[in-house]
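Read through the structure below, which is laid out as structure tokens, and then see the notes.
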Amino acid sequence: MTKLETERLILRTYKETDLPEMHRQWSDRAIMYYLDDILCHSIEDTKKYLKTGMENSDGHYFCITEKPHDDFIGSIGYTISDTTSLGKIVHMGYMMFPEYHGRGYMTEAVKAVIDFAFTRDNVIRITTGCHAENIASRRVIEKSRFRKEAEKIKAVYHDGKMKDRLEYAINKDDVKELKSWNNSQKYHTT
């Protein structure tokens with residue numbers, strides 16, 4: 001089990017007991033509005049994602065909890081898109097219950113996962129992206145030092161319309177002092 005600890009959060013490998021809250025989040029159409037491709041329509045759908053999150057066979061996936069409790073407040077992780085002789089290239093995604101928005105939690109979690117990926121998991125490049133209209137996600141990405149690599153105009157069909165999509169990335173070489181982001185970060189792997 002992998003556990004990342006920041007000043008205010010614990011990011012840990014999923015547990016079976018996370019299923020009810022994970023399903024509440026992953027089946028909520030408002031929360032999953034921009035992630036409709038992974039919206040869970042049944043508890044069985046969520047169980048499949050939970051299993052993937054517990055096994056971490058194609059990436060690393062974390063349940064986000066707020067200290068000091070172990071209450072599920074969000075999800076974050078990355079999927080391996082390529083493995084090279086230099087290291088892994090991964091794609092990151094995240095979501096959080098709305099009542100925790102606006103507190104900087106997601107930026108804190110993203111930075112912790114970037115740090116973990118580059119220092120502990122042989123990742124050399126992380127990509128991510130969002131719909132251009134998703135201002136909150138754009139802010140998280142930009143505060144986490146990703147650089148915009150592409151602006152795709154009317155490139156994604158979403159909610160009955162063609163919408164713009166922004167693509168971002170960060171390379172391990174771009175980040176010189178990872179620990180400066182979060183000096184209190186701790187890692188536990190069991």
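Chain labels run A, B, ... following the order of the structure tokens; each chain numbers its residues from 1, and ligands are numbered from 1 in the order shown.
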For stretch 131-141 of chain A, find every residue with an atom within 8 Å (counting only C-alpha atoms), except residues of its own chain fewer than 4 positions away, and show them as an mmCIF file with all heavy atoms, in the first residue's frame.
```cif
data_model
loop_
_atom_site.group_PDB
_atom_site.id
_atom_site.type_symbol
_atom_site.label_atom_id
_atom_site.label_comp_id
_atom_site.auth_asym_id
_atom_site.auth_seq_id
_atom_site.Cartn_x
_atom_site.Cartn_y
_atom_site.Cartn_z
ATOM 1 N N TYR A 34 -17.235 16.716 -16.585
ATOM 2 C CA TYR A 34 -16.139 16.749 -17.556
ATOM 3 C C TYR A 34 -15.422 15.408 -17.696
ATOM 4 O O TYR A 34 -14.478 15.284 -18.469
ATOM 5 C CB TYR A 34 -15.133 17.837 -17.185
ATOM 6 C CG TYR A 34 -15.688 19.225 -17.364
ATOM 7 C CD1 TYR A 34 -15.958 20.031 -16.270
ATOM 8 C CD2 TYR A 34 -15.956 19.738 -18.636
ATOM 9 C CE1 TYR A 34 -16.475 21.317 -16.429
ATOM 10 C CE2 TYR A 34 -16.483 21.008 -18.808
ATOM 11 C CZ TYR A 34 -16.737 21.788 -17.701
ATOM 12 O OH TYR A 34 -17.249 23.048 -17.867
ATOM 13 N N MET A 106 -6.809 20.279 -4.084
ATOM 14 C CA MET A 106 -6.460 19.535 -5.293
ATOM 15 C C MET A 106 -5.074 19.911 -5.790
ATOM 16 O O MET A 106 -4.308 19.043 -6.203
ATOM 17 C CB MET A 106 -7.517 19.714 -6.386
ATOM 18 C CG MET A 106 -7.306 18.739 -7.533
ATOM 19 S SD MET A 106 -7.190 16.986 -7.040
ATOM 20 C CE MET A 106 -8.900 16.618 -6.717
ATOM 21 N N THR A 107 -4.717 21.172 -5.725
ATOM 22 C CA THR A 107 -3.367 21.569 -6.117
ATOM 23 C C THR A 107 -2.340 20.888 -5.217
ATOM 24 O O THR A 107 -1.308 20.390 -5.696
ATOM 25 C CB THR A 107 -3.206 23.102 -6.063
ATOM 26 O OG1 THR A 107 -4.189 23.697 -6.933
ATOM 27 C CG2 THR A 107 -1.817 23.530 -6.492
ATOM 28 N N VAL A 110 -2.172 17.255 -6.368
ATOM 29 C CA VAL A 110 -1.491 17.124 -7.663
ATOM 30 C C VAL A 110 0.017 17.248 -7.480
ATOM 31 O O VAL A 110 0.792 16.446 -8.024
ATOM 32 C CB VAL A 110 -2.024 18.158 -8.685
ATOM 33 C CG1 VAL A 110 -1.139 18.226 -9.919
ATOM 34 C CG2 VAL A 110 -3.458 17.818 -9.093
ATOM 35 N N ARG A 145 2.397 23.853 -12.046
ATOM 36 C CA ARG A 145 3.552 24.053 -12.930
ATOM 37 C C ARG A 145 3.540 23.247 -14.228
ATOM 38 O O ARG A 145 4.582 23.061 -14.850
ATOM 39 C CB ARG A 145 4.859 23.807 -12.183
ATOM 40 C CG ARG A 145 5.070 24.729 -11.012
ATOM 41 C CD ARG A 145 6.437 24.553 -10.444
ATOM 42 N NE ARG A 145 6.581 25.357 -9.237
ATOM 43 C CZ ARG A 145 7.588 25.250 -8.406
ATOM 44 N NH1 ARG A 145 8.549 24.402 -8.646
ATOM 45 N NH2 ARG A 145 7.646 26.003 -7.343
ATOM 46 N N PHE A 146 2.389 22.768 -14.629
ATOM 47 C CA PHE A 146 2.288 22.175 -15.962
ATOM 48 C C PHE A 146 2.375 23.294 -16.983
ATOM 49 O O PHE A 146 1.976 24.428 -16.706
ATOM 50 C CB PHE A 146 0.938 21.462 -16.135
ATOM 51 C CG PHE A 146 0.852 20.118 -15.478
ATOM 52 C CD1 PHE A 146 0.484 20.006 -14.147
ATOM 53 C CD2 PHE A 146 1.113 18.957 -16.192
ATOM 54 C CE1 PHE A 146 0.376 18.767 -13.531
ATOM 55 C CE2 PHE A 146 1.015 17.722 -15.598
ATOM 56 C CZ PHE A 146 0.649 17.616 -14.262
ATOM 57 N N LYS A 163 -16.297 21.211 -28.256
ATOM 58 C CA LYS A 163 -15.666 22.130 -27.306
ATOM 59 C C LYS A 163 -14.153 22.126 -27.456
ATOM 60 O O LYS A 163 -13.561 21.159 -27.931
ATOM 61 C CB LYS A 163 -16.036 21.732 -25.873
ATOM 62 C CG LYS A 163 -17.523 21.865 -25.580
ATOM 63 C CD LYS A 163 -17.824 21.569 -24.136
ATOM 64 C CE LYS A 163 -19.302 21.771 -23.832
ATOM 65 N NZ LYS A 163 -19.610 21.499 -22.430
ATOM 66 N N ASP A 164 -13.559 23.228 -26.981
ATOM 67 C CA ASP A 164 -12.104 23.355 -26.992
ATOM 68 C C ASP A 164 -11.505 22.539 -25.853
ATOM 69 O O ASP A 164 -12.096 22.427 -24.780
ATOM 70 C CB ASP A 164 -11.692 24.825 -26.818
ATOM 71 C CG ASP A 164 -12.201 25.715 -27.940
ATOM 72 O OD1 ASP A 164 -12.707 25.190 -28.949
ATOM 73 O OD2 ASP A 164 -12.087 26.943 -27.799
ATOM 74 N N ARG A 165 -10.319 21.994 -26.109
ATOM 75 C CA ARG A 165 -9.599 21.213 -25.088
ATOM 76 C C ARG A 165 -8.171 21.730 -24.995
ATOM 77 O O ARG A 165 -7.532 22.038 -25.991
ATOM 78 C CB ARG A 165 -9.591 19.733 -25.443
ATOM 79 C CG ARG A 165 -8.787 18.915 -24.439
ATOM 80 C CD ARG A 165 -9.229 17.476 -24.366
ATOM 81 N NE ARG A 165 -8.377 16.732 -23.451
ATOM 82 C CZ ARG A 165 -8.607 16.564 -22.160
ATOM 83 N NH1 ARG A 165 -9.681 17.090 -21.614
ATOM 84 N NH2 ARG A 165 -7.788 15.864 -21.401
ATOM 85 N N LEU A 166 -7.686 21.813 -23.758
ATOM 86 C CA LEU A 166 -6.316 22.237 -23.493
ATOM 87 C C LEU A 166 -5.504 21.027 -23.040
ATOM 88 O O LEU A 166 -5.972 20.230 -22.234
ATOM 89 C CB LEU A 166 -6.290 23.312 -22.410
ATOM 90 C CG LEU A 166 -7.147 24.541 -22.680
ATOM 91 C CD1 LEU A 166 -7.128 25.472 -21.473
ATOM 92 C CD2 LEU A 166 -6.682 25.266 -23.923
ATOM 93 N N TYR A 168 -1.777 19.779 -21.400
ATOM 94 C CA TYR A 168 -0.656 20.247 -20.591
ATOM 95 C C TYR A 168 0.309 19.087 -20.326
ATOM 96 O O TYR A 168 -0.072 17.919 -20.405
ATOM 97 C CB TYR A 168 -1.149 20.752 -19.230
ATOM 98 C CG TYR A 168 -2.016 21.972 -19.277
ATOM 99 C CD1 TYR A 168 -3.384 21.877 -19.527
ATOM 100 C CD2 TYR A 168 -1.475 23.234 -19.049
ATOM 101 C CE1 TYR A 168 -4.189 23.004 -19.538
ATOM 102 C CE2 TYR A 168 -2.279 24.372 -19.057
ATOM 103 C CZ TYR A 168 -3.633 24.246 -19.304
ATOM 104 O OH TYR A 168 -4.427 25.367 -19.317
#
```
Selection: 12 Å around A:Tyr78, only C-alpha atoms, excl. self and same-chain fewer than 3 positions, as an MDAnalysis selection string | chainID A and resid 52:53 56:62 75 81:82 88:94 110 113:114 116:117 121 123 125:128
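Residues in contact with stretch 13-26 of chain A at up to 6 Å, not including ones fewer than 6 positions away on its chain and judged by only C-alpha atoms, are Met1, Thr2, Leu39, Cys40, Thr46, Gly53, Met54, Phe62 and Cys63 of chain A.
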